[in-house]
$ cat upload_24.csv   # CSV, N, CA and C atoms
chain,number,residue,atom,x,y,z
A,288,MET,N,-63.7,-69.4,-15.8
A,288,MET,CA,-64.5,-70.5,-16.4
A,288,MET,C,-64.5,-70.2,-17.9
A,289,ALA,N,-64.2,-71.3,-18.7
A,289,ALA,CA,-64.1,-71.1,-20.2
A,289,ALA,C,-65.5,-71.1,-20.8
A,290,ASN,N,-65.6,-70.4,-21.9
A,290,ASN,CA,-66.8,-70.4,-22.7
A,290,ASN,C,-66.9,-71.6,-23.5
A,291,ALA,N,-68.0,-72.3,-23.4
A,291,ALA,CA,-68.1,-73.6,-24.2
A,291,ALA,C,-67.9,-73.4,-25.7
A,292,ALA,N,-68.5,-72.3,-26.2
A,292,ALA,CA,-68.5,-72.1,-27.7
A,292,ALA,C,-67.1,-71.8,-28.2
A,293,SER,N,-66.3,-71.0,-27.5
A,293,SER,CA,-65.0,-70.6,-28.0
A,293,SER,C,-63.9,-71.1,-27.1
A,294,GLY,N,-64.1,-71.6,-25.9
A,294,GLY,CA,-63.1,-71.9,-25.0
A,294,GLY,C,-62.4,-70.8,-24.4
A,295,MET,N,-63.0,-69.6,-24.4
A,295,MET,CA,-62.4,-68.4,-23.8
A,295,MET,C,-62.8,-68.2,-22.4
A,296,ALA,N,-61.8,-67.9,-21.6
A,296,ALA,CA,-62.1,-67.5,-20.2
A,296,ALA,C,-62.1,-66.0,-20.1
A,297,VAL,N,-62.7,-65.5,-19.0
A,297,VAL,CA,-62.7,-64.1,-18.8
A,297,VAL,C,-61.9,-63.8,-17.6
A,298,HIS,N,-60.8,-63.0,-17.8
A,298,HIS,CA,-59.9,-62.6,-16.7
A,298,HIS,C,-60.6,-61.8,-15.6
A,299,ASP,N,-60.3,-62.0,-14.4
A,299,ASP,CA,-61.0,-61.3,-13.3
A,299,ASP,C,-60.9,-59.8,-13.4
A,300,GLU,N,-59.7,-59.3,-13.9
A,300,GLU,CA,-59.5,-57.9,-14.1
A,300,GLU,C,-60.6,-57.3,-15.0
A,301,CYS,N,-61.1,-58.0,-15.9
A,301,CYS,CA,-62.2,-57.5,-16.8
A,301,CYS,C,-63.4,-57.1,-16.0
A,302,LYS,N,-63.8,-57.9,-15.1
A,302,LYS,CA,-65.0,-57.6,-14.3
A,302,LYS,C,-64.7,-56.5,-13.2
A,303,LEU,N,-63.5,-56.5,-12.7
A,303,LEU,CA,-63.1,-55.5,-11.7
A,303,LEU,C,-63.1,-54.1,-12.3
A,304,LYS,N,-62.4,-54.0,-13.4
A,304,LYS,CA,-62.3,-52.7,-14.1
A,304,LYS,C,-63.7,-52.2,-14.5
A,305,PHE,N,-64.6,-53.1,-15.0
A,305,PHE,CA,-65.9,-52.7,-15.3
A,305,PHE,C,-66.7,-52.2,-14.1
A,306,LEU,N,-66.5,-52.9,-13.0
A,306,LEU,CA,-67.2,-52.5,-11.7
A,306,LEU,C,-66.7,-51.1,-11.3
A,307,GLU,N,-65.4,-50.8,-11.5
A,307,GLU,CA,-64.9,-49.5,-11.1
A,307,GLU,C,-65.5,-48.4,-12.1
A,308,LEU,N,-65.6,-48.8,-13.4
A,308,LEU,CA,-66.2,-47.8,-14.3
A,308,LEU,C,-67.7,-47.5,-13.9
A,309,LYS,N,-68.4,-48.6,-13.6
A,309,LYS,CA,-69.8,-48.5,-13.3
A,309,LYS,C,-70.1,-47.8,-12.0
A,310,THR,N,-69.4,-48.1,-11.0
A,310,THR,CA,-69.8,-47.6,-9.6
A,310,THR,C,-69.0,-46.4,-9.2
A,311,LYS,N,-67.7,-46.4,-9.5
A,311,LYS,CA,-66.8,-45.3,-9.1
A,311,LYS,C,-66.5,-44.3,-10.2
A,312,ARG,N,-66.9,-44.6,-11.5
A,312,ARG,CA,-66.6,-43.8,-12.6
A,312,ARG,C,-65.1,-43.5,-12.7
A,313,THR,N,-64.3,-44.5,-12.4
A,313,THR,CA,-62.8,-44.4,-12.4
A,313,THR,C,-62.3,-44.3,-13.9
A,314,TYR,N,-63.1,-44.9,-14.8
A,314,TYR,CA,-62.7,-44.9,-16.2
A,314,TYR,C,-63.8,-44.4,-17.1
A,315,ARG,N,-63.5,-43.8,-18.2
A,315,ARG,CA,-64.6,-43.5,-19.2
A,315,ARG,C,-64.8,-44.7,-20.1
A,316,SER,N,-63.7,-45.4,-20.4
A,316,SER,CA,-63.8,-46.5,-21.3
A,316,SER,C,-62.9,-47.7,-20.9
A,317,ILE,N,-63.2,-48.9,-21.4
A,317,ILE,CA,-62.4,-50.0,-21.3
A,317,ILE,C,-62.4,-50.8,-22.6
A,318,VAL,N,-61.2,-51.1,-23.1
A,318,VAL,CA,-61.1,-51.9,-24.3
A,318,VAL,C,-60.6,-53.3,-23.9
A,319,TYR,N,-61.3,-54.3,-24.4
A,319,TYR,CA,-61.0,-55.7,-24.0
A,319,TYR,C,-60.4,-56.4,-25.3
A,320,LYS,N,-59.5,-57.3,-25.1
A,320,LYS,CA,-58.9,-58.1,-26.2
A,320,LYS,C,-58.9,-59.5,-25.8
A,321,ILE,N,-59.1,-60.4,-26.8
A,321,ILE,CA,-59.0,-61.8,-26.6
A,321,ILE,C,-57.5,-62.2,-26.8
A,322,GLU,N,-56.9,-62.8,-25.8
A,322,GLU,CA,-55.6,-63.4,-26.0
A,322,GLU,C,-55.7,-64.8,-26.4
A,323,GLU,N,-55.5,-65.1,-27.7
A,323,GLU,CA,-55.8,-66.4,-28.2
A,323,GLU,C,-54.9,-67.5,-27.5
A,324,LYS,N,-53.6,-67.1,-27.3
A,324,LYS,CA,-52.7,-68.1,-26.7
A,324,LYS,C,-53.1,-68.5,-25.3
A,325,GLN,N,-53.5,-67.5,-24.5
A,325,GLN,CA,-54.0,-67.8,-23.2
A,325,GLN,C,-55.4,-68.2,-23.1
A,326,LYS,N,-56.1,-68.1,-24.2
A,326,LYS,CA,-57.5,-68.4,-24.3
A,326,LYS,C,-58.4,-67.7,-23.2
A,327,GLN,N,-58.2,-66.3,-23.2
A,327,GLN,CA,-59.0,-65.5,-22.2
A,327,GLN,C,-59.1,-64.1,-22.7
A,328,VAL,N,-60.1,-63.5,-22.2
A,328,VAL,CA,-60.4,-62.0,-22.5
A,328,VAL,C,-59.6,-61.2,-21.4
A,329,ILE,N,-58.9,-60.3,-21.9
A,329,ILE,CA,-58.1,-59.4,-20.9
A,329,ILE,C,-58.4,-57.9,-21.2
A,330,VAL,N,-58.0,-57.1,-20.2
A,330,VAL,CA,-58.2,-55.6,-20.4
A,330,VAL,C,-57.0,-55.2,-21.2
A,331,GLU,N,-57.2,-54.5,-22.4
A,331,GLU,CA,-56.1,-54.0,-23.2
A,331,GLU,C,-55.8,-52.6,-22.8
A,332,ALA,N,-56.9,-51.8,-22.6
A,332,ALA,CA,-56.6,-50.4,-22.3
A,332,ALA,C,-57.8,-49.8,-21.5
A,333,THR,N,-57.6,-48.7,-20.7
A,333,THR,CA,-58.6,-48.0,-20.1
A,333,THR,C,-58.5,-46.5,-20.4
A,334,GLY,N,-59.6,-45.8,-20.4
A,334,GLY,CA,-59.6,-44.4,-20.7
A,334,GLY,C,-60.0,-43.7,-19.4
A,335,ASP,N,-59.2,-42.6,-19.1
A,335,ASP,CA,-59.5,-41.9,-17.9
A,335,ASP,C,-60.8,-41.1,-18.0
A,336,PRO,N,-61.4,-40.6,-16.9
A,336,PRO,CA,-62.7,-40.0,-16.9
A,336,PRO,C,-62.8,-38.8,-17.9
A,337,THR,N,-61.7,-38.1,-18.3
A,337,THR,CA,-61.8,-37.0,-19.1
A,337,THR,C,-61.7,-37.3,-20.6
A,338,GLN,N,-61.6,-38.6,-20.9
A,338,GLN,CA,-61.4,-39.1,-22.3
A,338,GLN,C,-62.7,-38.7,-23.1
A,339,THR,N,-62.4,-38.2,-24.4
A,339,THR,CA,-63.5,-37.9,-25.3
A,339,THR,C,-63.9,-39.2,-26.0
A,340,TYR,N,-65.2,-39.1,-26.5
A,340,TYR,CA,-65.7,-40.3,-27.3
A,340,TYR,C,-64.8,-40.5,-28.5
A,341,GLU,N,-64.4,-39.4,-29.2
A,341,GLU,CA,-63.6,-39.5,-30.4
A,341,GLU,C,-62.2,-40.1,-30.1
A,342,SER,N,-61.6,-39.8,-29.0
A,342,SER,CA,-60.3,-40.4,-28.7
A,342,SER,C,-60.5,-41.9,-28.4
A,343,PHE,N,-61.6,-42.2,-27.8
A,343,PHE,CA,-61.9,-43.7,-27.5
A,343,PHE,C,-62.1,-44.4,-28.8
A,344,THR,N,-62.9,-43.9,-29.8
A,344,THR,CA,-63.1,-44.6,-31.1
A,344,THR,C,-61.8,-44.7,-31.9
A,345,ASP,N,-61.0,-43.6,-31.8
A,345,ASP,CA,-59.7,-43.6,-32.5
A,345,ASP,C,-58.7,-44.7,-31.9
A,346,SER,N,-58.9,-45.1,-30.7
A,346,SER,CA,-58.0,-46.1,-30.0
A,346,SER,C,-58.4,-47.5,-30.5
A,347,LEU,N,-59.5,-47.7,-31.1
A,347,LEU,CA,-59.9,-49.1,-31.6
A,347,LEU,C,-59.0,-49.4,-32.8
A,348,PRO,N,-58.5,-50.6,-32.9
A,348,PRO,CA,-57.6,-51.0,-34.0
A,348,PRO,C,-58.5,-51.1,-35.3
A,349,SER,N,-57.9,-50.7,-36.4
A,349,SER,CA,-58.6,-50.7,-37.7
A,349,SER,C,-58.7,-52.1,-38.3
A,350,ASP,N,-57.9,-53.0,-37.9
A,350,ASP,CA,-57.9,-54.3,-38.5
A,350,ASP,C,-58.0,-55.5,-37.5
A,351,GLU,N,-58.4,-55.3,-36.3
A,351,GLU,CA,-58.6,-56.3,-35.3
A,351,GLU,C,-59.9,-56.1,-34.5
A,352,CYS,N,-60.5,-57.2,-34.1
A,352,CYS,CA,-61.7,-57.1,-33.3
A,352,CYS,C,-61.4,-56.8,-31.9
A,353,ARG,N,-62.3,-56.2,-31.2
A,353,ARG,CA,-62.2,-55.8,-29.8
A,353,ARG,C,-63.6,-55.8,-29.2
A,354,TYR,N,-63.7,-55.9,-27.9
A,354,TYR,CA,-64.9,-55.6,-27.1
A,354,TYR,C,-64.5,-54.3,-26.4
A,355,ALA,N,-65.5,-53.4,-26.3
A,355,ALA,CA,-65.3,-52.2,-25.6
A,355,ALA,C,-66.5,-51.7,-24.8
A,356,VAL,N,-66.2,-51.0,-23.7
A,356,VAL,CA,-67.3,-50.4,-22.9
A,356,VAL,C,-67.0,-48.9,-22.9
A,357,PHE,N,-68.1,-48.1,-23.0
A,357,PHE,CA,-67.9,-46.6,-22.9
A,357,PHE,C,-69.0,-46.1,-22.1
A,358,ASP,N,-68.7,-45.3,-21.1
A,358,ASP,CA,-69.7,-44.6,-20.3
A,358,ASP,C,-70.0,-43.2,-20.9
A,359,PHE,N,-71.1,-43.1,-21.5
A,359,PHE,CA,-71.5,-41.9,-22.3
A,359,PHE,C,-72.4,-41.0,-21.5
A,360,ASP,N,-71.9,-39.8,-21.3
A,360,ASP,CA,-72.7,-38.8,-20.6
A,360,ASP,C,-73.5,-37.9,-21.6
A,361,PHE,N,-74.7,-37.6,-21.3
A,361,PHE,CA,-75.5,-36.7,-22.2
A,361,PHE,C,-76.6,-36.0,-21.4
A,362,LEU,N,-77.2,-35.0,-22.1
A,362,LEU,CA,-78.3,-34.3,-21.5
A,362,LEU,C,-79.6,-34.7,-22.2
A,363,THR,N,-80.6,-34.9,-21.4
A,363,THR,CA,-81.9,-35.3,-21.9
A,363,THR,C,-82.5,-34.0,-22.6
A,364,PRO,N,-83.6,-34.1,-23.4
A,364,PRO,CA,-84.2,-32.9,-24.0
A,364,PRO,C,-84.6,-31.9,-22.9
A,365,GLU,N,-84.9,-32.4,-21.7
A,365,GLU,CA,-85.2,-31.5,-20.6
A,365,GLU,C,-84.0,-30.9,-19.9
A,366,GLY,N,-82.8,-31.3,-20.4
A,366,GLY,CA,-81.6,-30.7,-19.8
A,366,GLY,C,-81.1,-31.5,-18.5
A,367,VAL,N,-81.6,-32.7,-18.3
A,367,VAL,CA,-81.2,-33.5,-17.2
A,367,VAL,C,-79.9,-34.3,-17.6
A,368,PRO,N,-78.8,-34.2,-16.8
A,368,PRO,CA,-77.7,-35.0,-17.1
A,368,PRO,C,-77.9,-36.5,-16.9
A,369,LYS,N,-77.5,-37.3,-17.8
A,369,LYS,CA,-77.7,-38.8,-17.7
A,369,LYS,C,-76.4,-39.5,-18.2
A,370,SER,N,-76.4,-40.8,-18.0
A,370,SER,CA,-75.2,-41.6,-18.4
A,370,SER,C,-75.7,-42.9,-18.9
A,371,ARG,N,-75.2,-43.5,-19.9
A,371,ARG,CA,-75.5,-44.8,-20.4
A,371,ARG,C,-74.2,-45.6,-20.6
A,372,ILE,N,-74.2,-46.8,-20.2
A,372,ILE,CA,-73.0,-47.7,-20.5
A,372,ILE,C,-73.2,-48.5,-21.7
A,373,PHE,N,-72.4,-48.2,-22.7
A,373,PHE,CA,-72.5,-48.9,-24.0
A,373,PHE,C,-71.5,-50.1,-24.1
A,374,PHE,N,-71.9,-51.2,-24.6
A,374,PHE,CA,-71.0,-52.3,-24.9
A,374,PHE,C,-70.9,-52.3,-26.4
A,375,ILE,N,-69.7,-52.3,-26.9
A,375,ILE,CA,-69.4,-52.2,-28.4
A,375,ILE,C,-68.7,-53.5,-28.8
A,376,ALA,N,-69.3,-54.2,-29.7
A,376,ALA,CA,-68.6,-55.4,-30.3
A,376,ALA,C,-68.0,-54.8,-31.6
A,377,TRP,N,-66.7,-54.6,-31.6
A,377,TRP,CA,-66.0,-54.0,-32.7
A,377,TRP,C,-65.4,-55.1,-33.6
A,378,SER,N,-65.8,-55.2,-34.8
A,378,SER,CA,-65.4,-56.3,-35.7
A,378,SER,C,-65.2,-55.7,-37.1
A,379,PRO,N,-64.1,-55.0,-37.3
A,379,PRO,CA,-63.9,-54.3,-38.6
A,379,PRO,C,-63.8,-55.3,-39.8
A,380,ASP,N,-64.4,-54.9,-40.9
A,380,ASP,CA,-64.4,-55.7,-42.1
A,380,ASP,C,-63.0,-56.2,-42.5
A,381,THR,N,-61.9,-55.4,-42.1
A,381,THR,CA,-60.6,-55.7,-42.5
A,381,THR,C,-59.9,-56.8,-41.6
A,382,SER,N,-60.6,-57.2,-40.5
A,382,SER,CA,-60.0,-58.1,-39.6
A,382,SER,C,-60.1,-59.6,-40.2
A,383,ARG,N,-59.2,-60.4,-39.7
A,383,ARG,CA,-59.2,-61.8,-40.2
A,383,ARG,C,-60.5,-62.6,-39.8
A,384,VAL,N,-60.9,-63.5,-40.7
A,384,VAL,CA,-62.1,-64.2,-40.5
A,384,VAL,C,-62.0,-65.0,-39.1
A,385,ARG,N,-60.9,-65.6,-38.8
A,385,ARG,CA,-60.8,-66.3,-37.6
A,385,ARG,C,-61.0,-65.4,-36.4
A,386,ASN,N,-60.4,-64.2,-36.5
A,386,ASN,CA,-60.5,-63.2,-35.4
A,386,ASN,C,-62.0,-62.9,-35.2
A,387,LYS,N,-62.7,-62.6,-36.3
A,387,LYS,CA,-64.2,-62.3,-36.2
A,387,LYS,C,-65.0,-63.5,-35.6
A,388,MET,N,-64.6,-64.7,-36.0
A,388,MET,CA,-65.4,-65.8,-35.5
A,388,MET,C,-65.2,-66.0,-34.0
A,389,ILE,N,-63.9,-65.9,-33.5
A,389,ILE,CA,-63.6,-66.0,-32.1
A,389,ILE,C,-64.4,-65.0,-31.3
A,390,TYR,N,-64.4,-63.7,-31.7
A,390,TYR,CA,-65.1,-62.6,-31.0
A,390,TYR,C,-66.6,-62.9,-31.0
A,391,ALA,N,-67.1,-63.3,-32.2
A,391,ALA,CA,-68.5,-63.5,-32.3
A,391,ALA,C,-69.0,-64.6,-31.4
A,392,SER,N,-68.2,-65.7,-31.3
A,392,SER,CA,-68.7,-66.8,-30.5
A,392,SER,C,-68.5,-66.6,-29.0
A,393,SER,N,-67.7,-65.6,-28.6
A,393,SER,CA,-67.4,-65.4,-27.2
A,393,SER,C,-68.3,-64.2,-26.7
A,394,LYS,N,-68.9,-63.4,-27.5
A,394,LYS,CA,-69.5,-62.1,-27.1
A,394,LYS,C,-70.5,-62.3,-26.1
A,395,ASP,N,-71.5,-63.1,-26.3
A,395,ASP,CA,-72.7,-63.2,-25.4
A,395,ASP,C,-72.2,-63.6,-24.0
A,396,ARG,N,-71.3,-64.6,-23.9
A,396,ARG,CA,-70.9,-65.0,-22.6
A,396,ARG,C,-70.1,-63.9,-21.9
A,397,PHE,N,-69.2,-63.2,-22.7
A,397,PHE,CA,-68.4,-62.1,-22.1
A,397,PHE,C,-69.3,-61.0,-21.6
A,398,LYS,N,-70.3,-60.7,-22.4
A,398,LYS,CA,-71.2,-59.6,-22.1
A,398,LYS,C,-72.0,-59.9,-20.8
A,399,ARG,N,-72.3,-61.1,-20.6
A,399,ARG,CA,-73.1,-61.5,-19.4
A,399,ARG,C,-72.2,-61.3,-18.1
A,400,GLU,N,-70.9,-61.3,-18.2
A,400,GLU,CA,-70.0,-61.1,-17.1
A,400,GLU,C,-70.0,-59.7,-16.7
A,401,LEU,N,-70.4,-58.8,-17.6
A,401,LEU,CA,-70.4,-57.3,-17.2
A,401,LEU,C,-71.8,-56.9,-16.9
A,402,ASP,N,-72.1,-57.0,-15.6
A,402,ASP,CA,-73.5,-56.7,-15.2
A,402,ASP,C,-73.7,-55.2,-15.1
A,403,GLY,N,-74.6,-54.6,-16.0
A,403,GLY,CA,-74.8,-53.2,-16.0
A,403,GLY,C,-74.7,-52.6,-17.4
A,404,ILE,N,-74.5,-53.4,-18.4
A,404,ILE,CA,-74.5,-52.9,-19.7
A,404,ILE,C,-75.9,-52.4,-20.1
A,405,GLN,N,-76.0,-51.2,-20.6
A,405,GLN,CA,-77.4,-50.7,-20.9
A,405,GLN,C,-77.7,-50.8,-22.4
A,406,ILE,N,-76.7,-50.6,-23.3
A,406,ILE,CA,-76.9,-50.5,-24.7
A,406,ILE,C,-75.8,-51.3,-25.4
A,407,GLU,N,-76.2,-52.1,-26.4
A,407,GLU,CA,-75.2,-52.8,-27.1
A,407,GLU,C,-75.1,-52.4,-28.6
A,408,LEU,N,-73.9,-52.2,-29.1
A,408,LEU,CA,-73.7,-51.9,-30.5
A,408,LEU,C,-72.8,-52.9,-31.1
A,409,GLN,N,-73.1,-53.3,-32.4
A,409,GLN,CA,-72.2,-54.1,-33.1
A,409,GLN,C,-71.7,-53.2,-34.3
A,410,ALA,N,-70.4,-53.2,-34.5
A,410,ALA,CA,-69.8,-52.3,-35.5
A,410,ALA,C,-68.8,-52.9,-36.4
A,411,THR,N,-68.8,-52.7,-37.7
A,411,THR,CA,-67.8,-53.2,-38.6
A,411,THR,C,-67.0,-52.0,-39.2
A,412,ASP,N,-67.4,-50.8,-39.1
A,412,ASP,CA,-66.6,-49.7,-39.5
A,412,ASP,C,-67.0,-48.5,-38.6
A,413,PRO,N,-66.1,-47.4,-38.6
A,413,PRO,CA,-66.3,-46.3,-37.6
A,413,PRO,C,-67.6,-45.6,-37.8
A,414,SER,N,-68.2,-45.6,-38.9
A,414,SER,CA,-69.5,-44.9,-39.1
A,414,SER,C,-70.6,-45.5,-38.2
A,415,GLU,N,-70.5,-46.8,-37.9
A,415,GLU,CA,-71.5,-47.5,-37.1
A,415,GLU,C,-71.4,-47.2,-35.6
A,416,ILE,N,-70.3,-46.5,-35.2
A,416,ILE,CA,-70.2,-46.1,-33.8
A,416,ILE,C,-69.9,-44.7,-33.7
A,417,GLY,N,-70.3,-43.9,-34.7
A,417,GLY,CA,-70.1,-42.4,-34.7
A,417,GLY,C,-70.9,-41.8,-33.5
A,418,LEU,N,-70.5,-40.6,-33.2
A,418,LEU,CA,-71.1,-39.9,-32.0
A,418,LEU,C,-72.6,-39.7,-32.3
A,419,ASP,N,-73.0,-39.5,-33.5
A,419,ASP,CA,-74.4,-39.3,-33.8
A,419,ASP,C,-75.2,-40.6,-33.5
A,420,VAL,N,-74.6,-41.7,-33.8
A,420,VAL,CA,-75.3,-43.0,-33.5
A,420,VAL,C,-75.4,-43.2,-31.9
A,421,ILE,N,-74.3,-42.9,-31.2
A,421,ILE,CA,-74.3,-43.0,-29.8
A,421,ILE,C,-75.4,-42.1,-29.2
A,422,LYS,N,-75.4,-40.9,-29.6
A,422,LYS,CA,-76.4,-39.9,-29.1
A,422,LYS,C,-77.8,-40.4,-29.3
A,423,SER,N,-78.1,-40.9,-30.5
A,423,SER,CA,-79.4,-41.3,-30.8
A,423,SER,C,-79.8,-42.6,-30.0
A,424,ARG,N,-78.9,-43.5,-29.8
A,424,ARG,CA,-79.2,-44.7,-29.0
A,424,ARG,C,-79.3,-44.4,-27.5
A,425,ALA,N,-78.6,-43.4,-27.0
A,425,ALA,CA,-78.5,-43.1,-25.6
A,425,ALA,C,-79.9,-42.5,-25.1
A,426,SER,N,-80.5,-41.7,-25.9
A,426,SER,CA,-81.7,-41.0,-25.4
A,426,SER,C,-83.0,-41.9,-25.5
$ encode --input "upload_24.csv" --output "structure tokens"
Amino acid sequence: MANAASGMAVHDECKLKFLELKTKRTYRSIVYKIEEKQKQVIVEATGDPTQTYESFTDSLPSDECRYAVFDFDFLTPEGVPKSRIFFIAWSPDTSRVRNKMIYASSKDRFKRELDGIQIELQATDPSEIGLDVIKSRAS
């Protein structure tokens, strides 16, 4: 089903991979890309369960927008292991205005398709999604 605001559809694989991340922990991360010609959001890459947060952020393009999901494991102050699923709307300052507009207008609809997002971040440069930011938002 296309998004009225931007005309973007969400490929079924997007939801299936997210479900696998959420329930089976098959992936640590998923990076989604909007295919403008096909007018749909697709899975661009997945990170295996051993992927570090740093390698995930390094995989985001420096000049193009993306949506991404990261399953972040951490310990509470009491030492209890927990996990939070982050949704990241990556929109670097260096990306084209059209690219930013398409991602911005499709974000809410796309995010609703991924049932189980716990924390959302919007970022325009790597400092906004640094490990310290993730840790402070997770707890």
$ select_by_dssp --input "upload_24.csv" --residues "chain A" --states "strand (DSSP E or B)" --output "PyMOL selection string"
chain A and resi 296-297+316-322+327-334+353-362+368-377+406-410
$ closest_residue --input "upload_24.csv" --among "A:Leu306, A:Ala296, A:Ile389, A:Ala355" --to "Tyr319 (chain A)" --atoms "only N, CA and C atoms"
A:Ala355
$ residues_around --input "upload_24.csv" --residues "region 363-370 of chain A" --least-positions-apart "3" --cutoff "10 Å" --atoms "only C-alpha atoms" --output "list in words"
Phe357, Asp358, Phe359, Asp360, Phe373, Gln405, Ala425 and Ser426 of chain A
$ closest_residue --input "upload_24.csv" --among "A:Asn386, A:Ser393, A:Gln338, A:Ser316" --to "Phe374 (chain A)" --atoms "only C-alpha atoms"
A:Ser316
$ residues_around --input "upload_24.csv" --residues "Met295 (chain A)" --least-positions-apart "4" --cutoff "12 Å" --atoms "only C-alpha atoms" --output "VMD selection string"
chain A and resid 288 to 291 320 to 329 389 to 397
$ write_last_selection --input "upload_24.csv" --atoms "N, CA and C atoms" --output "PDB file, in the coordinates of the input"
ATOM      1  N   MET A 288     -63.700 -69.400 -15.800  1.00  0.00           N
ATOM      2  CA  MET A 288     -64.500 -70.500 -16.400  1.00  0.00           C
ATOM      3  C   MET A 288     -64.500 -70.200 -17.900  1.00  0.00           C
ATOM      4  N   ALA A 289     -64.200 -71.300 -18.700  1.00  0.00           N
ATOM      5  CA  ALA A 289     -64.100 -71.100 -20.200  1.00  0.00           C
ATOM      6  C   ALA A 289     -65.500 -71.100 -20.800  1.00  0.00           C
ATOM      7  N   ASN A 290     -65.600 -70.400 -21.900  1.00  0.00           N
ATOM      8  CA  ASN A 290     -66.800 -70.400 -22.700  1.00  0.00           C
ATOM      9  C   ASN A 290     -66.900 -71.600 -23.500  1.00  0.00           C
ATOM     10  N   ALA A 291     -68.000 -72.300 -23.400  1.00  0.00           N
ATOM     11  CA  ALA A 291     -68.100 -73.600 -24.200  1.00  0.00           C
ATOM     12  C   ALA A 291     -67.900 -73.400 -25.700  1.00  0.00           C
ATOM     13  N   LYS A 320     -59.500 -57.300 -25.100  1.00  0.00           N
ATOM     14  CA  LYS A 320     -58.900 -58.100 -26.200  1.00  0.00           C
ATOM     15  C   LYS A 320     -58.900 -59.500 -25.800  1.00  0.00           C
ATOM     16  N   ILE A 321     -59.100 -60.400 -26.800  1.00  0.00           N
ATOM     17  CA  ILE A 321     -59.000 -61.800 -26.600  1.00  0.00           C
ATOM     18  C   ILE A 321     -57.500 -62.200 -26.800  1.00  0.00           C
ATOM     19  N   GLU A 322     -56.900 -62.800 -25.800  1.00  0.00           N
ATOM     20  CA  GLU A 322     -55.600 -63.400 -26.000  1.00  0.00           C
ATOM     21  C   GLU A 322     -55.700 -64.800 -26.400  1.00  0.00           C
ATOM     22  N   GLU A 323     -55.500 -65.100 -27.700  1.00  0.00           N
ATOM     23  CA  GLU A 323     -55.800 -66.400 -28.200  1.00  0.00           C
ATOM     24  C   GLU A 323     -54.900 -67.500 -27.500  1.00  0.00           C
ATOM     25  N   LYS A 324     -53.600 -67.100 -27.300  1.00  0.00           N
ATOM     26  CA  LYS A 324     -52.700 -68.100 -26.700  1.00  0.00           C
ATOM     27  C   LYS A 324     -53.100 -68.500 -25.300  1.00  0.00           C
ATOM     28  N   GLN A 325     -53.500 -67.500 -24.500  1.00  0.00           N
ATOM     29  CA  GLN A 325     -54.000 -67.800 -23.200  1.00  0.00           C
ATOM     30  C   GLN A 325     -55.400 -68.200 -23.100  1.00  0.00           C
ATOM     31  N   LYS A 326     -56.100 -68.100 -24.200  1.00  0.00           N
ATOM     32  CA  LYS A 326     -57.500 -68.400 -24.300  1.00  0.00           C
ATOM     33  C   LYS A 326     -58.400 -67.700 -23.200  1.00  0.00           C
ATOM     34  N   GLN A 327     -58.200 -66.300 -23.200  1.00  0.00           N
ATOM     35  CA  GLN A 327     -59.000 -65.500 -22.200  1.00  0.00           C
ATOM     36  C   GLN A 327     -59.100 -64.100 -22.700  1.00  0.00           C
ATOM     37  N   VAL A 328     -60.100 -63.500 -22.200  1.00  0.00           N
ATOM     38  CA  VAL A 328     -60.400 -62.000 -22.500  1.00  0.00           C
ATOM     39  C   VAL A 328     -59.600 -61.200 -21.400  1.00  0.00           C
ATOM     40  N   ILE A 329     -58.900 -60.300 -21.900  1.00  0.00           N
ATOM     41  CA  ILE A 329     -58.100 -59.400 -20.900  1.00  0.00           C
ATOM     42  C   ILE A 329     -58.400 -57.900 -21.200  1.00  0.00           C
ATOM     43  N   ILE A 389     -63.900 -65.900 -33.500  1.00  0.00           N
ATOM     44  CA  ILE A 389     -63.600 -66.000 -32.100  1.00  0.00           C
ATOM     45  C   ILE A 389     -64.400 -65.000 -31.300  1.00  0.00           C
ATOM     46  N   TYR A 390     -64.400 -63.700 -31.700  1.00  0.00           N
ATOM     47  CA  TYR A 390     -65.100 -62.600 -31.000  1.00  0.00           C
ATOM     48  C   TYR A 390     -66.600 -62.900 -31.000  1.00  0.00           C
ATOM     49  N   ALA A 391     -67.100 -63.300 -32.200  1.00  0.00           N
ATOM     50  CA  ALA A 391     -68.500 -63.500 -32.300  1.00  0.00           C
ATOM     51  C   ALA A 391     -69.000 -64.600 -31.400  1.00  0.00           C
ATOM     52  N   SER A 392     -68.200 -65.700 -31.300  1.00  0.00           N
ATOM     53  CA  SER A 392     -68.700 -66.800 -30.500  1.00  0.00           C
ATOM     54  C   SER A 392     -68.500 -66.600 -29.000  1.00  0.00           C
ATOM     55  N   SER A 393     -67.700 -65.600 -28.600  1.00  0.00           N
ATOM     56  CA  SER A 393     -67.400 -65.400 -27.200  1.00  0.00           C
ATOM     57  C   SER A 393     -68.300 -64.200 -26.700  1.00  0.00           C
ATOM     58  N   LYS A 394     -68.900 -63.400 -27.500  1.00  0.00           N
ATOM     59  CA  LYS A 394     -69.500 -62.100 -27.100  1.00  0.00           C
ATOM     60  C   LYS A 394     -70.500 -62.300 -26.100  1.00  0.00           C
ATOM     61  N   ASP A 395     -71.500 -63.100 -26.300  1.00  0.00           N
ATOM     62  CA  ASP A 395     -72.700 -63.200 -25.400  1.00  0.00           C
ATOM     63  C   ASP A 395     -72.200 -63.600 -24.000  1.00  0.00           C
ATOM     64  N   ARG A 396     -71.300 -64.600 -23.900  1.00  0.00           N
ATOM     65  CA  ARG A 396     -70.900 -65.000 -22.600  1.00  0.00           C
ATOM     66  C   ARG A 396     -70.100 -63.900 -21.900  1.00  0.00           C
ATOM     67  N   PHE A 397     -69.200 -63.200 -22.700  1.00  0.00           N
ATOM     68  CA  PHE A 397     -68.400 -62.100 -22.100  1.00  0.00           C
ATOM     69  C   PHE A 397     -69.300 -61.000 -21.600  1.00  0.00           C
TER      70      PHE A 397
END
$ residues_around --input "upload_24.csv" --residues "Ser342 (chain A)" --least-positions-apart "5" --cutoff "12 Å" --atoms "only C-alpha atoms" --output "PyMOL selection string"
chain A and resi 315-316+333-335+337+347+357+417-418
$ atom_distance --input "upload_24.csv" --atom1 "atom C of Asp345 (chain A)" --atom2 "CA of Val318 (chain A)"
10.7 Å
